[in-house]
Amino acid sequence: MKISLDNIDAFVFDFDGVLTNNLVQIDENGKESVCCSRADGLAFDVLRKLNKPAFILSTEKNSVVEMRAKKIKIPAILGVINKMEAIKELANKNSFRLENILYVGNDLNDYFAMQLCGCKVCPADSHPKIKSMSDIILNSTGGNGVVRELLEEVLNIDFIKILYQSN
């Protein structure tokens with residue numbers, strides 16, 4: 001599938017398994033931590049420069065999601081029980097067309113939300129049912145530069161031009 005940045009109203013990213021490697025570390029006090037790719041942080045800078053809205057949509061209520069969203073400066077919609085309804089609400093609220101939402105998910109809780117969206121993308125290590133419905137299966141695994149690959153390799157965005165040579 002050939003996708004164009006011009007046909008994308010918004011990017012929606014699941015958190016665990018997309019922006020993380022789907023593993024969690026828990027210390028003796030119960031505090032959780034996850035691994036995210038700094039390469040994806042730069043990719044979110046590019047999306048901001050291009051004025052393309054991006055969102056994290058997560059069933060998690062964990063503060064690690066909130067802290068990462070704050071760091072990469074994108075809104076996070078947390079504690080979502082029904083991602084399909086959340087996508088509809090996001091589209092309605094922001095006048096996005098569902099067919100122009102690019103959704104990156106990796107597991108079964110993304111399945112119905114992804115069905116609504118015009119472009120479905122997943123990391124290489126996604127659940128088989130998510131892979132089978134995706135328009136694009138990335139080479140990157142979750143937490144290992146998924147957003148970076150999507151922008152640079154699939155959408156052919158030149159990060160140097162966007163970040164360092166623009167007016």
# chains A, B, ... in the order shown; residues from 1 in each chain; ligands from 1
>>> residues_around(residues="segment 108-122 of chain A", least_positions_apart="5", cutoff="8 Å", atoms="only C-alpha atoms", output="ChimeraX atom specification")
/A:3,14,18,83-85,87,98-103,127,129-131,133-138
>>> write_last_selection(atoms="N, CA and C atoms", output="mmCIF file, in the first residue's frame")
data_model
loop_
_atom_site.group_PDB
_atom_site.id
_atom_site.type_symbol
_atom_site.label_atom_id
_atom_site.label_comp_id
_atom_site.auth_asym_id
_atom_site.auth_seq_id
_atom_site.Cartn_x
_atom_site.Cartn_y
_atom_site.Cartn_z
ATOM 1 N N ILE A 3 1.095 5.037 0.895
ATOM 2 C CA ILE A 3 0.419 6.068 1.674
ATOM 3 C C ILE A 3 1.146 7.392 1.482
ATOM 4 N N ASP A 14 -0.590 3.147 19.649
ATOM 5 C CA ASP A 14 -0.698 2.407 20.890
ATOM 6 C C ASP A 14 0.629 2.619 21.625
ATOM 7 N N VAL A 18 4.295 -0.877 20.902
ATOM 8 C CA VAL A 18 4.535 -0.009 19.735
ATOM 9 C C VAL A 18 5.651 0.973 20.082
ATOM 10 N N LYS A 83 -11.137 1.145 22.635
ATOM 11 C CA LYS A 83 -10.342 1.963 21.712
ATOM 12 C C LYS A 83 -11.130 2.348 20.462
ATOM 13 N N MET A 84 -12.062 1.509 20.040
ATOM 14 C CA MET A 84 -12.885 1.833 18.879
ATOM 15 C C MET A 84 -13.710 3.092 19.151
ATOM 16 N N GLU A 85 -14.340 3.155 20.296
ATOM 17 C CA GLU A 85 -15.125 4.343 20.663
ATOM 18 C C GLU A 85 -14.221 5.561 20.835
ATOM 19 N N ILE A 87 -11.425 6.178 19.247
ATOM 20 C CA ILE A 87 -11.035 6.656 17.911
ATOM 21 C C ILE A 87 -12.171 7.469 17.298
ATOM 22 N N LEU A 98 -12.067 9.297 9.526
ATOM 23 C CA LEU A 98 -11.554 7.990 9.956
ATOM 24 C C LEU A 98 -10.651 7.374 8.891
ATOM 25 N N GLU A 99 -11.012 7.549 7.623
ATOM 26 C CA GLU A 99 -10.204 6.973 6.547
ATOM 27 C C GLU A 99 -8.848 7.662 6.409
ATOM 28 N N ASN A 100 -8.673 8.796 7.093
ATOM 29 C CA ASN A 100 -7.404 9.525 7.055
ATOM 30 C C ASN A 100 -6.648 9.453 8.380
ATOM 31 N N ILE A 101 -7.010 8.499 9.215
ATOM 32 C CA ILE A 101 -6.259 8.268 10.448
ATOM 33 C C ILE A 101 -5.334 7.078 10.216
ATOM 34 N N LEU A 102 -4.068 7.266 10.526
ATOM 35 C CA LEU A 102 -3.084 6.190 10.477
ATOM 36 C C LEU A 102 -2.920 5.689 11.897
ATOM 37 N N TYR A 103 -3.209 4.426 12.111
ATOM 38 C CA TYR A 103 -3.176 3.818 13.446
ATOM 39 C C TYR A 103 -2.071 2.777 13.490
ATOM 40 N N HIS A 127 0.845 -9.243 17.105
ATOM 41 C CA HIS A 127 -0.002 -10.428 17.113
ATOM 42 C C HIS A 127 -0.360 -10.783 15.658
ATOM 43 N N LYS A 129 -3.063 -11.742 14.203
ATOM 44 C CA LYS A 129 -4.325 -11.162 13.708
ATOM 45 C C LYS A 129 -4.152 -9.685 13.352
ATOM 46 N N ILE A 130 -3.289 -8.990 14.073
ATOM 47 C CA ILE A 130 -3.013 -7.582 13.767
ATOM 48 C C ILE A 130 -2.182 -7.494 12.488
ATOM 49 N N LYS A 131 -1.220 -8.379 12.354
ATOM 50 C CA LYS A 131 -0.418 -8.411 11.129
ATOM 51 C C LYS A 131 -1.294 -8.674 9.907
ATOM 52 N N MET A 133 -4.333 -7.942 9.321
ATOM 53 C CA MET A 133 -5.227 -6.843 8.939
ATOM 54 C C MET A 133 -4.463 -5.568 8.578
ATOM 55 N N SER A 134 -3.168 -5.542 8.824
ATOM 56 C CA SER A 134 -2.387 -4.316 8.620
ATOM 57 C C SER A 134 -2.055 -4.087 7.152
ATOM 58 N N ASP A 135 -2.071 -2.821 6.771
ATOM 59 C CA ASP A 135 -1.661 -2.423 5.428
ATOM 60 C C ASP A 135 -0.140 -2.462 5.317
ATOM 61 N N ILE A 136 0.515 -2.142 6.425
ATOM 62 C CA ILE A 136 1.978 -2.097 6.453
ATOM 63 C C ILE A 136 2.465 -2.803 7.705
ATOM 64 N N ILE A 137 3.381 -3.749 7.517
ATOM 65 C CA ILE A 137 4.060 -4.397 8.639
ATOM 66 C C ILE A 137 5.493 -3.893 8.599
ATOM 67 N N LEU A 138 5.873 -3.188 9.633
ATOM 68 C CA LEU A 138 7.212 -2.608 9.688
ATOM 69 C C LEU A 138 8.264 -3.680 9.946
#
>>> select_by_dssp(residues="segment 90-161 of chain A", states="alpha helix (DSSP H)", output="PyMOL selection string")
chain A and resi 90-94+111-116+128-133+146-149+159-161
>>> closest_residue(among="A:Leu163, A:Ile77, A:Glu66, A:Lys52", to="Leu5 of chain A", atoms="only C-alpha atoms")
A:Lys52
>>> residues_around(residues="Leu50 of chain A", least_positions_apart="4", cutoff="9 Å", atoms="only C-alpha atoms", output="list in words")
Asp45, Val46 and Ile162 of chain A
>>> atom_distance(atom1="atom CA of Val154 of chain A", atom2="atom CA of Leu19 of chain A")
17.1 Å
>>> residues_around(residues="Val34 of chain A", least_positions_apart="6", cutoff="9 Å", atoms="only C-alpha atoms", output="ChimeraX atom specification")
/A:16,20-25,64
>>> write_last_selection(atoms="N, CA, C and O atoms", output="short mmCIF file (atom, residue, chain, number, x, y, z; two decimals), in the first residue's frame")
data_model
loop_
_atom_site.label_atom_id
_atom_site.label_comp_id
_atom_site.auth_asym_id
_atom_site.auth_seq_id
_atom_site.Cartn_x
_atom_site.Cartn_y
_atom_site.Cartn_z
N ASP A 16 2.18 0.39 24.69
CA ASP A 16 2.89 -0.86 24.97
C ASP A 16 2.95 -1.74 23.72
O ASP A 16 1.94 -2.04 23.11
N THR A 20 6.99 0.90 23.04
CA THR A 20 7.85 0.15 23.96
C THR A 20 8.07 -1.25 23.38
O THR A 20 7.38 -1.66 22.45
N ASN A 21 8.99 -1.98 23.99
CA ASN A 21 9.25 -3.36 23.54
C ASN A 21 8.28 -4.36 24.17
O ASN A 21 8.49 -5.57 24.08
N ASN A 22 7.23 -3.85 24.81
CA ASN A 22 6.16 -4.67 25.40
C ASN A 22 6.60 -5.38 26.67
O ASN A 22 5.91 -6.27 27.16
N LEU A 23 7.75 -4.99 27.21
CA LEU A 23 8.21 -5.55 28.48
C LEU A 23 8.08 -4.47 29.55
O LEU A 23 8.12 -3.28 29.26
N VAL A 24 7.96 -4.89 30.78
CA VAL A 24 7.89 -3.95 31.89
C VAL A 24 8.85 -4.43 32.97
O VAL A 24 8.98 -5.63 33.22
N GLN A 25 9.55 -3.48 33.57
CA GLN A 25 10.39 -3.78 34.73
C GLN A 25 9.68 -3.25 35.95
O GLN A 25 9.17 -2.13 35.94
N VAL A 64 3.97 6.08 33.50
CA VAL A 64 5.06 6.01 32.52
C VAL A 64 4.58 6.44 31.14
O VAL A 64 5.31 7.08 30.40
#
